[in-house]
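What follows is a set of notes on a single structure, which appears directly below.
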Number of protein chains: 2
Amino acid sequence: MNIVISGLGIIGGSFAKSLKKYTDHYIIGINRSPAPLEQALSCGAIDEIGNEASLQKADMIILGTFPEAAVSFVEKNASLIPKGCIVIDSAGIKTEICPALNSLAHKHGFEFVGVHPMAGKEKNGFAASDADLFCNASCIIIPGKAGTQAVETVARLAEKIGFGCIVYSNPEEHDRMIAFTSQLPHVIACAYVMSPVCKKHKGFSAGSYRDVSRVAHINEKLWAELFIENKQPLIEEIDIMTENLGKIKAAIESGDRSGLEALLARSRNIKEELGE
Amino acid sequence: MNIVISGLGIIGGSFAKSLKKYTDHYIIGINRSPAPLEQALSCGAIDEIGNEASLQKADMIILGTFPEAAVSFVEKNASLIPKGCIVIDSAGIKTEICPALNSLAHKHGFEFVGVHPMAGKEKNGFAASDADLFCNASCIIIPGKAGTQAVETVARLAEKIGFGCIVYSNPEEHDRMIAFTSQLPHVIACAYVMSPVCKKHKGFSAGSYRDVSRVAHINEKLWAELFIENKQPLIEEIDIMTENLGKIKAAIESGDRSGLEALLARSRNIKEELGE
């Protein structure tokens, strides 16, 4: 296949590198700024630096940009996308963008399959991309209105480039789950490091500080967009979190040792039932 | 030295194993239940299974039990502790226990040095102990009223068994820092996994779920004691956390993208200034 990747950040760049490492597909890169394209070409992550016109020869298009930018890119260039071409996104939210991309696909005769690679780092950009970023990660696929064959093609390709499992979902379920598994930990990390004590932590900290604060090294433009575009499920999770913090606080404040033990045991049991 | 370790859990067990691996001291183990003692003897982590009477020949005593239990153990056996013997604890809170141990030391003529090894795992017991648990970790020393030579002996021993740095502190500063670096992440992890969505996370999660939830696999008896014995600084940190979660929530709820970006950028800057 000719695969065009639009946006060579950490995710687009990792798609390029893993596709070159594990498959024989021909990879064309498109990016707003030229530097990542030149780096990608010189390290062999892409075969060719392309532009919008390259879409005309694409069998597959991978959207590696921010969610809104991915939709505008397709809106702007829909007439260039060949009939039957498979377009996949990689955005962390789906309800806000899948319907628009489904409509564009229907109108212009291409296939759109929603994809969310459950992999990342607290760093960004092409420099942070990695041929094995997806190794053993989960690949969430939102088939939407795409044909069975297009969905199959995406799933087989995901397996080839290292994903450990494929999970099929719909935009609403995806966004509710992601609010908890990914967005809330980012909110927590950012709120956590805002404590005035944080700046003095060195020498007094170990693994639990490191782990909860890790993703506070955040790309604020991307995550502000993701949070606001998934407002309702995320607000719900923040409220649940705040309520549960309040329950633990109340038990500590009243010195209710057995009540506190029961609350903490509940959490330990949840982890144990999950085999974690 | 003859070193008696009271309590062969993860911390006491790791002291035993690291002392045998990196020094030539003679190690005597004491434990409420016999199983860890037998395991420790058969794997060479201790040289001898002891009992309270062993304290009479101790040059150093390491308290590996829960904080309150450590104080009662010393109270009960203070008359057996030789003059000049160095007693160290390993508890995660200090204001509640150091004064009592300082008084006992003064009264009975031994030296007490507060110690908090900043190392641990989300597992407990002798089985989880490790000769290299302290490798590169920070060792917090609370000299209190101990003599300079006793403090020096403890610091040199800590370096020998792998600690990467020694931080000197006092009970109040220690407890304020630990409330943020260690206790709050445990509270957060427990509150986090209480979300009803947690049980369905598999396939939808990656590193940020794993990291924030890790320490929810908690020893509820130990941590309920630690939280309640450090009530005031911990409640303060929970309140700060809740307030900052509220600020981020408000920006999301009102769709204030630039305000949200500014908040998240503040967190990223804190991590960057710390070089993390």
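Chains: A, B, ... in order of the structure tokens. Residues: from 1 per chain. Ligands: from 1, in order shown.
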
Against region 205-212 of chain A, which residues of region 92-187 of chain A fall within 12 Å? For each one I want the closest pair of atoms and the distance in Å (one decimal), counting only C-alpha atoms, rows by chain and increasing residue number, as a Markdown table.
| residue | atom | partner | partner_atom | distance |
| --- | --- | --- | --- | --- |
| A:Glu122 | CA | A:Asp211 | CA | 11.5 |
| A:Leu184 | CA | A:Val212 | CA | 11.3 |
| A:Pro185 | CA | A:Val212 | CA | 7.8 |
| A:His186 | CA | A:Val212 | CA | 9.0 |
| A:Val187 | CA | A:Val212 | CA | 10.5 |

Contact residues around Cys85 (chain A) with only C-alpha atoms at 6 Å, ignoring same-chain residues under 2 positions, as a PyMOL selection string: chain A and resi 59-60+82-83+110

What would the file look like if the residues just selected were written as a short mmCIF file (atom, residue, chain, number, x, y, z; two decimals), in the first residue's frame with C-alpha atoms?
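Output below, filename again.cif:
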data_model
loop_
_atom_site.label_atom_id
_atom_site.label_comp_id
_atom_site.auth_asym_id
_atom_site.auth_seq_id
_atom_site.Cartn_x
_atom_site.Cartn_y
_atom_site.Cartn_z
CA ASP A 59 -4.37 3.49 -0.30
CA MET A 60 -4.38 4.50 3.35
CA PRO A 82 -9.38 8.21 -3.76
CA LYS A 83 -12.57 6.14 -3.57
CA PHE A 110 -13.60 6.62 1.12
#

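Note that CA of His201 (chain B) and CA of Ile140 (chain A) are 12.2 Å apart.
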
Problem - Contacts of Glu159 (chain A) at 12 Å (only C-alpha atoms; same-chain gap of 4+ positions) as number ranges by chain - result: A: 18-19, 22-23, 117, 134-140, 152-155, 163-167

Take the residues just selected and output them with C-alpha atoms as a PDB file, in the first residue's frame.
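Once everything was written out, this is selection-v9.pdb:
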ATOM      1  CA  SER A  18       6.929   0.874  12.855  1.00  0.00           C
ATOM      2  CA  LEU A  19       5.486   0.549   9.345  1.00  0.00           C
ATOM      3  CA  TYR A  22       7.631  -4.331  10.231  1.00  0.00           C
ATOM      4  CA  THR A  23       6.023  -3.999   6.776  1.00  0.00           C
ATOM      5  CA  PRO A 117      -3.333   3.666  19.912  1.00  0.00           C
ATOM      6  CA  PHE A 134       2.986   0.307  20.064  1.00  0.00           C
ATOM      7  CA  CYS A 135       4.671  -2.910  21.170  1.00  0.00           C
ATOM      8  CA  ASN A 136       2.113  -4.901  23.228  1.00  0.00           C
ATOM      9  CA  ALA A 137      -0.144  -1.839  23.554  1.00  0.00           C
ATOM     10  CA  SER A 138      -3.875  -1.962  23.006  1.00  0.00           C
ATOM     11  CA  CYS A 139      -5.266  -0.619  19.725  1.00  0.00           C
ATOM     12  CA  ILE A 140      -8.813   0.675  20.080  1.00  0.00           C
ATOM     13  CA  GLU A 152     -10.007  -5.992   8.944  1.00  0.00           C
ATOM     14  CA  THR A 153      -7.185  -4.319   7.010  1.00  0.00           C
ATOM     15  CA  VAL A 154      -6.629  -1.828   9.849  1.00  0.00           C
ATOM     16  CA  ALA A 155      -6.714  -4.560  12.527  1.00  0.00           C
ATOM     17  CA  PHE A 163       0.001  -3.855  18.991  1.00  0.00           C
ATOM     18  CA  GLY A 164      -0.706  -6.589  21.534  1.00  0.00           C
ATOM     19  CA  CYS A 165      -4.492  -6.504  21.360  1.00  0.00           C
ATOM     20  CA  ILE A 166      -7.336  -4.999  19.361  1.00  0.00           C
ATOM     21  CA  VAL A 167     -10.380  -3.662  21.219  1.00  0.00           C
TER      22      VAL A 167
END

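Among the candidates A:Gly12, A:Pro143, A:Gly92, A:Gly64, the one nearest to chain B when counting only C-alpha atoms is A:Gly92.
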
Q. Pick the closest to chain A from B:Lys21, B:Lys160, B:Lys57, B:His174: which is it, counting only C-alpha atoms?
A.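 Using only C-alpha atoms, the shortest distance to chain A belongs to B:His174.
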
Set the distance at 12 Å and use only C-alpha atoms: which residues neighbour Leu8 (chain A) once local chain neighbours fewer than 4 positions away are removed? I'd like the list as number ranges by chain. A: 4, 12-17, 27-41, 45-46, 49-50, 62-66, 90, 124-130

Fewer than 4 positions away in the same chain doesn't count, so skip those; otherwise give me all residues within 12 Å of Ala191 (chain B), counting only C-alpha atoms, as a ChimeraX atom specification. /A:184-185,188,237-249,260,263-268,270 /B:184-187,195-196,198,212-213,215-218,238,242

* Asked: What separation in Å, quoted to one decimal, exists between CA of Asn77 (chain B) and CA of Asp24 (chain B)?
  ->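 A separation of 26.3 Å between them.
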
Next on the checklist: When DSSP is applied to the backbone of this structure, which of region 106-260 of chain B are assigned alpha helix (DSSP H)? Write them out as number ranges by chain.
Outcome noted: B: 106-108, 148-160, 171-178, 184-193, 207-213, 220-228, 231-253, 257-260

Selection above as a file: C-alpha atoms, as a PDB file, in the first residue's frame:
ATOM      1  CA  HIS B 106      17.998   9.541  77.032  1.00  0.00           C
ATOM      2  CA  LYS B 107      16.591   7.641  80.006  1.00  0.00           C
ATOM      3  CA  HIS B 108      18.322   4.325  79.226  1.00  0.00           C
ATOM      4  CA  THR B 148      27.377  13.036  66.162  1.00  0.00           C
ATOM      5  CA  GLN B 149      29.256   9.752  66.100  1.00  0.00           C
ATOM      6  CA  ALA B 150      26.077   7.653  66.183  1.00  0.00           C
ATOM      7  CA  VAL B 151      24.594   9.714  63.338  1.00  0.00           C
ATOM      8  CA  GLU B 152      27.823   9.317  61.335  1.00  0.00           C
ATOM      9  CA  THR B 153      27.777   5.538  61.872  1.00  0.00           C
ATOM     10  CA  VAL B 154      24.214   5.341  60.562  1.00  0.00           C
ATOM     11  CA  ALA B 155      24.996   7.533  57.532  1.00  0.00           C
ATOM     12  CA  ARG B 156      28.108   5.519  56.554  1.00  0.00           C
ATOM     13  CA  LEU B 157      26.178   2.250  56.947  1.00  0.00           C
ATOM     14  CA  ALA B 158      23.339   3.609  54.763  1.00  0.00           C
ATOM     15  CA  GLU B 159      25.845   4.453  52.028  1.00  0.00           C
ATOM     16  CA  LYS B 160      27.422   0.989  52.277  1.00  0.00           C
ATOM     17  CA  PRO B 171      10.343  15.303  62.353  1.00  0.00           C
ATOM     18  CA  GLU B 172       8.125  18.225  61.338  1.00  0.00           C
ATOM     19  CA  GLU B 173       9.788  18.890  57.988  1.00  0.00           C
ATOM     20  CA  HIS B 174       9.937  15.153  57.273  1.00  0.00           C
ATOM     21  CA  ASP B 175       6.237  14.661  57.941  1.00  0.00           C
ATOM     22  CA  ARG B 176       5.224  17.691  55.873  1.00  0.00           C
ATOM     23  CA  MET B 177       7.292  16.505  52.892  1.00  0.00           C
ATOM     24  CA  ILE B 178       6.197  12.874  53.171  1.00  0.00           C
ATOM     25  CA  LEU B 184      -0.907  11.805  49.049  1.00  0.00           C
ATOM     26  CA  PRO B 185      -0.020   9.521  46.065  1.00  0.00           C
ATOM     27  CA  HIS B 186      -1.339   6.572  48.096  1.00  0.00           C
ATOM     28  CA  VAL B 187      -4.555   8.463  48.898  1.00  0.00           C
ATOM     29  CA  ILE B 188      -4.880   9.460  45.222  1.00  0.00           C
ATOM     30  CA  ALA B 189      -4.325   5.886  43.984  1.00  0.00           C
ATOM     31  CA  CYS B 190      -6.973   4.506  46.345  1.00  0.00           C
ATOM     32  CA  ALA B 191      -9.510   7.213  45.479  1.00  0.00           C
ATOM     33  CA  TYR B 192      -8.762   6.754  41.757  1.00  0.00           C
ATOM     34  CA  VAL B 193      -9.485   3.018  41.533  1.00  0.00           C
ATOM     35  CA  GLY B 207       0.982   3.766  31.277  1.00  0.00           C
ATOM     36  CA  SER B 208      -0.901   6.620  32.914  1.00  0.00           C
ATOM     37  CA  TYR B 209      -3.534   4.283  34.394  1.00  0.00           C
ATOM     38  CA  ARG B 210      -0.811   1.863  35.512  1.00  0.00           C
ATOM     39  CA  ASP B 211       1.274   4.549  37.190  1.00  0.00           C
ATOM     40  CA  VAL B 212      -1.430   6.417  39.083  1.00  0.00           C
ATOM     41  CA  SER B 213      -3.136   3.210  40.294  1.00  0.00           C
ATOM     42  CA  GLU B 220      -4.385  -0.933  54.626  1.00  0.00           C
ATOM     43  CA  LYS B 221      -3.335  -1.534  58.242  1.00  0.00           C
ATOM     44  CA  LEU B 222       0.055   0.146  57.827  1.00  0.00           C
ATOM     45  CA  TRP B 223      -1.194   3.088  55.790  1.00  0.00           C
ATOM     46  CA  ALA B 224      -4.286   3.749  57.934  1.00  0.00           C
ATOM     47  CA  GLU B 225      -1.875   4.101  60.855  1.00  0.00           C
ATOM     48  CA  LEU B 226       0.529   6.312  58.870  1.00  0.00           C
ATOM     49  CA  PHE B 227      -2.265   8.563  57.534  1.00  0.00           C
ATOM     50  CA  ILE B 228      -3.910   9.095  60.927  1.00  0.00           C
ATOM     51  CA  LYS B 231      -3.278  13.819  60.013  1.00  0.00           C
ATOM     52  CA  GLN B 232      -2.670  17.554  59.850  1.00  0.00           C
ATOM     53  CA  PRO B 233      -0.054  17.757  57.039  1.00  0.00           C
ATOM     54  CA  LEU B 234      -1.880  15.084  55.024  1.00  0.00           C
ATOM     55  CA  ILE B 235      -5.293  16.762  55.316  1.00  0.00           C
ATOM     56  CA  GLU B 236      -3.637  19.993  54.149  1.00  0.00           C
ATOM     57  CA  GLU B 237      -2.232  18.246  51.061  1.00  0.00           C
ATOM     58  CA  ILE B 238      -5.586  16.574  50.280  1.00  0.00           C
ATOM     59  CA  ASP B 239      -7.254  20.007  50.510  1.00  0.00           C
ATOM     60  CA  ILE B 240      -4.670  21.588  48.174  1.00  0.00           C
ATOM     61  CA  MET B 241      -5.112  18.688  45.740  1.00  0.00           C
ATOM     62  CA  THR B 242      -8.909  19.000  45.818  1.00  0.00           C
ATOM     63  CA  GLU B 243      -8.683  22.753  45.264  1.00  0.00           C
ATOM     64  CA  ASN B 244      -6.381  22.326  42.249  1.00  0.00           C
ATOM     65  CA  LEU B 245      -8.585  19.584  40.781  1.00  0.00           C
ATOM     66  CA  GLY B 246     -11.433  22.095  41.150  1.00  0.00           C
ATOM     67  CA  LYS B 247      -9.505  24.791  39.253  1.00  0.00           C
ATOM     68  CA  ILE B 248      -8.820  22.453  36.332  1.00  0.00           C
ATOM     69  CA  LYS B 249     -12.427  21.240  36.392  1.00  0.00           C
ATOM     70  CA  ALA B 250     -13.766  24.808  36.281  1.00  0.00           C
ATOM     71  CA  ALA B 251     -11.643  25.644  33.222  1.00  0.00           C
ATOM     72  CA  ILE B 252     -12.854  22.475  31.443  1.00  0.00           C
ATOM     73  CA  GLU B 253     -16.480  23.066  32.412  1.00  0.00           C
ATOM     74  CA  ARG B 257      -9.275  26.794  26.550  1.00  0.00           C
ATOM     75  CA  SER B 258      -6.621  29.445  27.122  1.00  0.00           C
ATOM     76  CA  GLY B 259      -7.202  29.383  30.896  1.00  0.00           C
ATOM     77  CA  LEU B 260      -6.912  25.589  30.869  1.00  0.00           C
TER      78      LEU B 260
END

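Of note, CA of Ala69 (chain A) and CA of Ile10 (chain A) are spaced 15.7 Å apart.
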
Practice item. Return the single residue from B:Glu272, B:Glu68, B:Glu75, B:Asp132 that is closest to Leu104 (chain B), with distances computed using only C-alpha atoms. Key: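 The answer is B:Glu75, which sits nearest to Leu104 (chain B).
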
Pick from B:Met118, B:Ala131, B:Ala105, B:Ile86 nearest to chain A, counting only C-alpha atoms:
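When distances to chain A are compared using only C-alpha atoms, the smallest one comes from B:Met118.
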